[in-house]
>>> print(open('input_31.csv').read())   # CSV, C-alpha atoms
chain,number,residue,atom,x,y,z
A,125,MET,CA,-15.9,85.5,33.3
A,126,HIS,CA,-18.6,88.1,33.2
A,127,SER,CA,-17.4,89.5,36.6
A,128,VAL,CA,-13.8,89.7,35.2
A,129,ARG,CA,-15.1,91.8,32.3
A,130,ILE,CA,-17.0,94.2,34.6
A,131,LEU,CA,-14.0,94.5,36.9
A,132,THR,CA,-11.7,95.1,34.0
A,133,ARG,CA,-13.9,98.0,32.9
A,134,VAL,CA,-14.0,99.5,36.4
A,135,TYR,CA,-10.2,99.1,36.7
A,136,ARG,CA,-9.7,100.7,33.3
A,137,ILE,CA,-11.4,103.8,34.7
A,138,VAL,CA,-9.2,103.7,37.7
A,139,ALA,CA,-6.2,103.4,35.4
A,140,TYR,CA,-7.4,106.5,33.5
A,141,LEU,CA,-7.4,108.3,36.9
A,142,ALA,CA,-3.8,107.1,37.3
A,143,VAL,CA,-2.8,108.5,33.9
A,144,ALA,CA,-4.6,111.8,34.7
A,145,SER,CA,-2.6,111.9,38.0
A,146,LEU,CA,0.7,111.4,36.1
A,147,LEU,CA,-0.2,114.1,33.7
A,148,CYS,CA,-0.9,116.4,36.6
A,149,ALA,CA,2.5,115.6,38.1
A,150,MET,CA,4.1,116.4,34.7
A,151,MET,CA,2.1,119.6,34.3
A,152,VAL,CA,3.0,120.9,37.8
A,153,THR,CA,6.7,120.1,37.2
A,154,VAL,CA,6.8,121.7,33.7
A,155,ALA,CA,5.0,124.8,35.0
A,156,ASP,CA,7.3,125.1,38.0
A,157,VAL,CA,10.4,124.8,35.9
A,158,SER,CA,9.1,127.2,33.3
A,159,LEU,CA,8.1,129.8,35.8
A,160,ARG,CA,11.3,129.4,37.7
A,161,ARG,CA,13.4,129.9,34.6
A,162,SER,CA,11.4,132.6,32.9
A,163,VAL,CA,10.2,134.9,35.7
A,164,ASN,CA,12.0,133.5,38.7
A,165,LEU,CA,8.6,132.5,40.3
A,166,PRO,CA,8.6,128.9,41.5
A,167,ILE,CA,5.3,127.2,42.4
A,168,GLN,CA,5.1,126.8,46.1
A,169,GLY,CA,4.7,123.1,47.1
A,170,THR,CA,5.6,121.5,43.9
A,171,ILE,CA,7.3,118.6,45.7
A,172,ASP,CA,4.2,118.0,47.8
A,173,LEU,CA,1.9,117.9,44.7
A,174,VAL,CA,4.2,115.9,42.5
A,175,GLN,CA,4.7,113.2,45.3
A,176,LEU,CA,0.9,113.0,45.7
A,177,PHE,CA,0.3,112.7,42.0
A,178,VAL,CA,3.0,110.1,41.4
A,179,VAL,CA,1.9,107.9,44.3
A,180,ALA,CA,-1.6,108.0,43.0
A,181,ALA,CA,-0.4,107.2,39.5
A,182,ALA,CA,1.6,104.2,40.6
A,183,TYR,CA,-0.9,102.5,42.9
A,184,LEU,CA,-4.0,103.3,40.9
A,185,SER,CA,-2.5,101.6,37.8
A,186,ILE,CA,-1.6,98.4,39.5
A,187,PRO,CA,-5.1,96.8,39.7
A,188,TYR,CA,-5.5,97.2,35.9
A,189,ALA,CA,-2.1,95.6,35.3
A,190,PHE,CA,-3.2,92.6,37.3
A,191,MET,CA,-6.5,92.3,35.5
A,192,VAL,CA,-5.0,92.4,32.0
A,193,ASP,CA,-2.0,90.4,32.9
A,194,GLY,CA,0.2,93.4,32.1
A,195,HIS,CA,3.1,92.7,34.5
A,196,VAL,CA,6.5,91.7,33.1
A,197,SER,CA,6.9,88.0,32.9
A,198,VAL,CA,9.3,85.5,31.4
A,199,ASP,CA,7.4,82.7,29.7
A,200,LEU,CA,9.9,80.7,27.8
A,201,LEU,CA,8.4,77.4,28.8
A,202,ALA,CA,4.9,78.4,29.8
A,203,ASN,CA,3.8,79.2,26.3
A,204,LYS,CA,4.6,75.7,25.1
A,205,MET,CA,2.5,74.1,27.8
A,206,PRO,CA,-1.2,73.1,27.5
A,207,ALA,CA,-3.8,75.9,28.1
A,208,ARG,CA,-4.9,74.3,31.4
A,209,VAL,CA,-1.3,74.2,32.7
A,210,GLN,CA,-0.8,77.9,31.6
A,211,SER,CA,-4.0,78.8,33.6
A,212,PHE,CA,-2.6,77.0,36.7
A,213,LEU,CA,0.7,78.9,36.4
A,214,ARG,CA,-1.1,82.2,36.0
A,215,PHE,CA,-3.3,81.2,39.0
A,216,PHE,CA,-0.2,80.5,41.1
A,217,GLY,CA,1.3,83.9,40.1
A,218,LEU,CA,-1.9,85.6,41.1
A,219,VAL,CA,-1.9,83.9,44.5
A,220,LEU,CA,1.6,85.2,45.1
A,221,GLY,CA,0.5,88.7,43.9
A,222,ILE,CA,-2.5,88.5,46.2
A,223,GLY,CA,-0.2,87.8,49.1
A,224,VAL,CA,2.2,90.7,48.3
A,225,MET,CA,-0.6,93.2,47.7
A,226,THR,CA,-2.4,92.1,50.8
A,227,LEU,CA,0.7,92.7,52.9
A,228,ILE,CA,1.3,96.1,51.2
A,229,GLY,CA,-2.3,97.1,51.8
A,230,TYR,CA,-2.3,95.9,55.4
A,231,TYR,CA,0.9,97.7,56.4
A,232,ALA,CA,-0.1,100.8,54.4
A,233,TRP,CA,-3.4,100.9,56.4
A,234,GLN,CA,-1.5,100.6,59.7
A,235,GLN,CA,0.9,103.4,58.8
A,236,ALA,CA,-2.0,105.6,57.5
A,237,LEU,CA,-3.8,105.2,60.8
A,238,ILE,CA,-0.7,106.2,62.7
A,239,LYS,CA,-0.2,109.2,60.4
A,240,MET,CA,-3.8,110.2,60.6
A,241,GLU,CA,-3.9,110.0,64.4
A,242,ALA,CA,-0.8,112.1,64.6
A,243,GLY,CA,-2.3,114.7,62.3
A,244,ASP,CA,0.7,114.6,60.0
A,245,VAL,CA,0.7,117.0,57.0
A,246,SER,CA,3.0,117.6,54.0
A,247,GLN,CA,5.9,119.8,54.5
A,248,ASN,CA,5.1,122.8,52.3
A,249,LEU,CA,1.3,122.8,51.6
A,250,SER,CA,0.1,121.1,54.8
A,251,ILE,CA,-1.8,118.5,52.8
A,252,PRO,CA,-3.0,115.8,55.2
A,253,VAL,CA,-0.7,112.8,54.8
A,254,ILE,CA,-3.7,110.5,54.7
A,255,TYR,CA,-4.2,111.7,51.1
A,256,TYR,CA,-0.8,110.2,50.2
A,257,TRP,CA,-1.7,106.9,51.8
A,258,ALA,CA,-5.2,106.6,50.3
A,259,PRO,CA,-4.2,105.8,46.7
A,260,LEU,CA,-1.8,103.2,48.0
A,261,ILE,CA,-4.5,101.5,50.1
A,262,VAL,CA,-7.2,101.8,47.5
A,263,GLY,CA,-4.9,100.5,44.7
A,264,SER,CA,-3.7,97.6,46.9
A,265,ALA,CA,-7.3,96.6,47.8
A,266,LEU,CA,-8.5,96.8,44.2
A,267,ALA,CA,-5.5,94.7,43.1
A,268,VAL,CA,-6.4,92.0,45.7
A,269,LEU,CA,-10.1,92.0,44.8
A,270,GLY,CA,-9.4,91.8,41.1
A,271,SER,CA,-6.7,89.1,41.5
A,272,VAL,CA,-9.1,87.0,43.6
A,273,VAL,CA,-11.8,87.1,41.0
A,274,LEU,CA,-9.3,86.4,38.2
A,275,ALA,CA,-7.6,83.7,40.2
A,276,ALA,CA,-10.9,82.0,40.7
A,277,ALA,CA,-11.7,82.1,37.0
A,278,LEU,CA,-8.2,80.7,36.2
A,279,PHE,CA,-8.5,78.0,38.8
A,280,VAL,CA,-11.8,76.8,37.3
A,281,HIS,CA,-10.3,76.9,33.8
A,282,ALA,CA,-7.3,74.9,35.0
A,283,LEU,CA,-9.6,72.3,36.5
A,284,VAL,CA,-12.2,72.0,33.9
A,285,GLY,CA,-10.6,73.3,30.8
>>> encode(input="input_31.csv", output="structure tokens")
Amino acid sequence: MHSVRILTRVYRIVAYLAVASLLCAMMVTVADVSLRRSVNLPIQGTIDLVQLFVVAAAYLSIPYAFMVDGHVSVDLLANKMPARVQSFLRFFGLVLGIGVMTLIGYYAWQQALIKMEAGDVSQNLSIPVIYYWAPLIVGSALAVLGSVVLAAALFVHALVG
């Protein structure tokens, strides 16, 4: 369980980066709207920046949610079962999550390579599109890593108690 605590700390820092990214998206949006309304001076590339910040916020927060079991769940029956059964059910859920996040990461990696080879950039600010894919790939990989560690701990708990 020591490795789970260490990963949870690391993932908390990554989640703080996600929160900072969301705050940046909000600040750019507020500044753009304020400048547009007050002095008719929009910020060039607001859409490019907000998209980048929102993608980063979404995918960099996912690993922490896996580590702290923060995803939405319905546990009408699970809470009434013994602790070992609950551990097995959480383990099974993590295995499914590992599969989904592995697929997301794999296909994101494939698309990122295609976009990078093509030299794609964002529409207004010419930000390399790989920057949009990087948080998705990193978040997916961290989610898989953390889920594997947590699943192993839960599996041991389910077997041994």
>>> closest_residue(input="input_31.csv", among="A:Ser158, A:Asn248, A:Ser271, A:Asn203", to="Thr226 in chain A", atoms="all atoms listed in the file")
A:Ser271
>>> residues_near_point(input="input_31.csv", point="(-0.1, 111.5, 52.1)", cutoff="9 Å", atoms="all atoms listed in the file", output="PyMOL selection string")
chain A and resi 172+175-176+179+236+239+244-246+251-259
>>> residues_around(input="input_31.csv", residues="Val138 in chain A", least_positions_apart="3", cutoff="8 Å", atoms="only C-alpha atoms", output="PyMOL selection string")
chain A and resi 134-135+141-142+184-185+188
>>> write_last_selection(input="input_31.csv", atoms="C-alpha atoms", output="PDB file, in the coordinates of the input")
ATOM      1  CA  VAL A 134     -14.000  99.500  36.400  1.00  0.00           C
ATOM      2  CA  TYR A 135     -10.200  99.100  36.700  1.00  0.00           C
ATOM      3  CA  LEU A 141      -7.400 108.300  36.900  1.00  0.00           C
ATOM      4  CA  ALA A 142      -3.800 107.100  37.300  1.00  0.00           C
ATOM      5  CA  LEU A 184      -4.000 103.300  40.900  1.00  0.00           C
ATOM      6  CA  SER A 185      -2.500 101.600  37.800  1.00  0.00           C
ATOM      7  CA  TYR A 188      -5.500  97.200  35.900  1.00  0.00           C
TER       8      TYR A 188
END
>>> closest_residue(input="input_31.csv", among="A:Gly169, A:Phe190, A:Asp156, A:Tyr183", to="Leu269 in chain A", atoms="all atoms listed in the file")
A:Phe190
>>> residues_around(input="input_31.csv", residues="Arg214 in chain A", least_positions_apart="4", cutoff="12 Å", atoms="only C-alpha atoms", output="list in words")
Phe190, Met191, Val192, Asp193, Gly194, His195, Ser197, Val198, Asp199, Ala202, Asn203, Ala207, Arg208, Val209, Gln210, Leu218, Val219, Leu220, Gly221, Ser271, Leu274, Ala275, Ala276, Ala277, Leu278, Phe279, His281 and Ala282 of chain A
>>> closest_residue(input="input_31.csv", among="A:Ala189, A:Ile238, A:Val284, A:Met205", to="Thr132 in chain A", atoms="only C-alpha atoms")
A:Ala189
>>> atom_distance(input="input_31.csv", atom1="CA of Tyr230 in chain A", atom2="CA of Ala242 in chain A")
18.7 Å
>>> residues_around(input="input_31.csv", residues="Ala182 in chain A", least_positions_apart="4", cutoff="9 Å", atoms="all atoms listed in the file", output="PyMOL selection string")
chain A and resi 142+146+177-178+186+259-260+263
>>> axis_aligned_box(input="input_31.csv", around="range 199-212 of chain A", padding_each_side="8 Å", output="lines of an AutoDock Vina configuration file")
center_x = 2.5
center_y = 77.9
center_z = 30.9
size_x = 30.8
size_y = 25.6
size_z = 27.6
>>> build_atoms(input="input_31.csv", residues="range 207-221 of chain A", atoms="N, CA and C atoms", output="tab-separated table (two decimals), keeping the file's coordinate frame")
chain	number	residue	atom	x	y	z
A	207	ALA	N	-3.05	74.73	27.63
A	207	ALA	CA	-3.80	75.90	28.10
A	207	ALA	C	-4.13	75.73	29.63
A	208	ARG	N	-4.50	74.51	30.03
A	208	ARG	CA	-4.90	74.30	31.40
A	208	ARG	C	-3.66	74.49	32.36
A	209	VAL	N	-2.49	74.05	31.93
A	209	VAL	CA	-1.30	74.20	32.70
A	209	VAL	C	-0.92	75.73	32.78
A	210	GLN	N	-1.07	76.42	31.66
A	210	GLN	CA	-0.80	77.90	31.60
A	210	GLN	C	-1.76	78.58	32.61
A	211	SER	N	-3.02	78.15	32.64
A	211	SER	CA	-4.00	78.80	33.60
A	211	SER	C	-3.55	78.51	35.01
A	212	PHE	N	-3.08	77.29	35.30
A	212	PHE	CA	-2.60	77.00	36.70
A	212	PHE	C	-1.41	77.86	37.02
A	213	LEU	N	-0.49	78.04	36.10
A	213	LEU	CA	0.70	78.90	36.40
A	213	LEU	C	0.31	80.32	36.62
A	214	ARG	N	-0.61	80.83	35.82
A	214	ARG	CA	-1.10	82.20	36.00
A	214	ARG	C	-1.82	82.30	37.37
A	215	PHE	N	-2.59	81.25	37.70
A	215	PHE	CA	-3.30	81.20	39.00
A	215	PHE	C	-2.27	81.28	40.13
A	216	PHE	N	-1.22	80.51	40.04
A	216	PHE	CA	-0.20	80.50	41.10
A	216	PHE	C	0.48	81.88	41.20
A	217	GLY	N	0.76	82.51	40.07
A	217	GLY	CA	1.30	83.90	40.10
A	217	GLY	C	0.38	84.86	40.73
A	218	LEU	N	-0.90	84.72	40.45
A	218	LEU	CA	-1.90	85.60	41.10
A	218	LEU	C	-1.97	85.40	42.58
A	219	VAL	N	-1.87	84.15	43.01
A	219	VAL	CA	-1.90	83.90	44.50
A	219	VAL	C	-0.71	84.57	45.14
A	220	LEU	N	0.45	84.51	44.51
A	220	LEU	CA	1.60	85.20	45.10
A	220	LEU	C	1.36	86.74	45.07
A	221	GLY	N	0.80	87.25	43.98
A	221	GLY	CA	0.50	88.70	43.90
A	221	GLY	C	-0.53	89.09	44.95
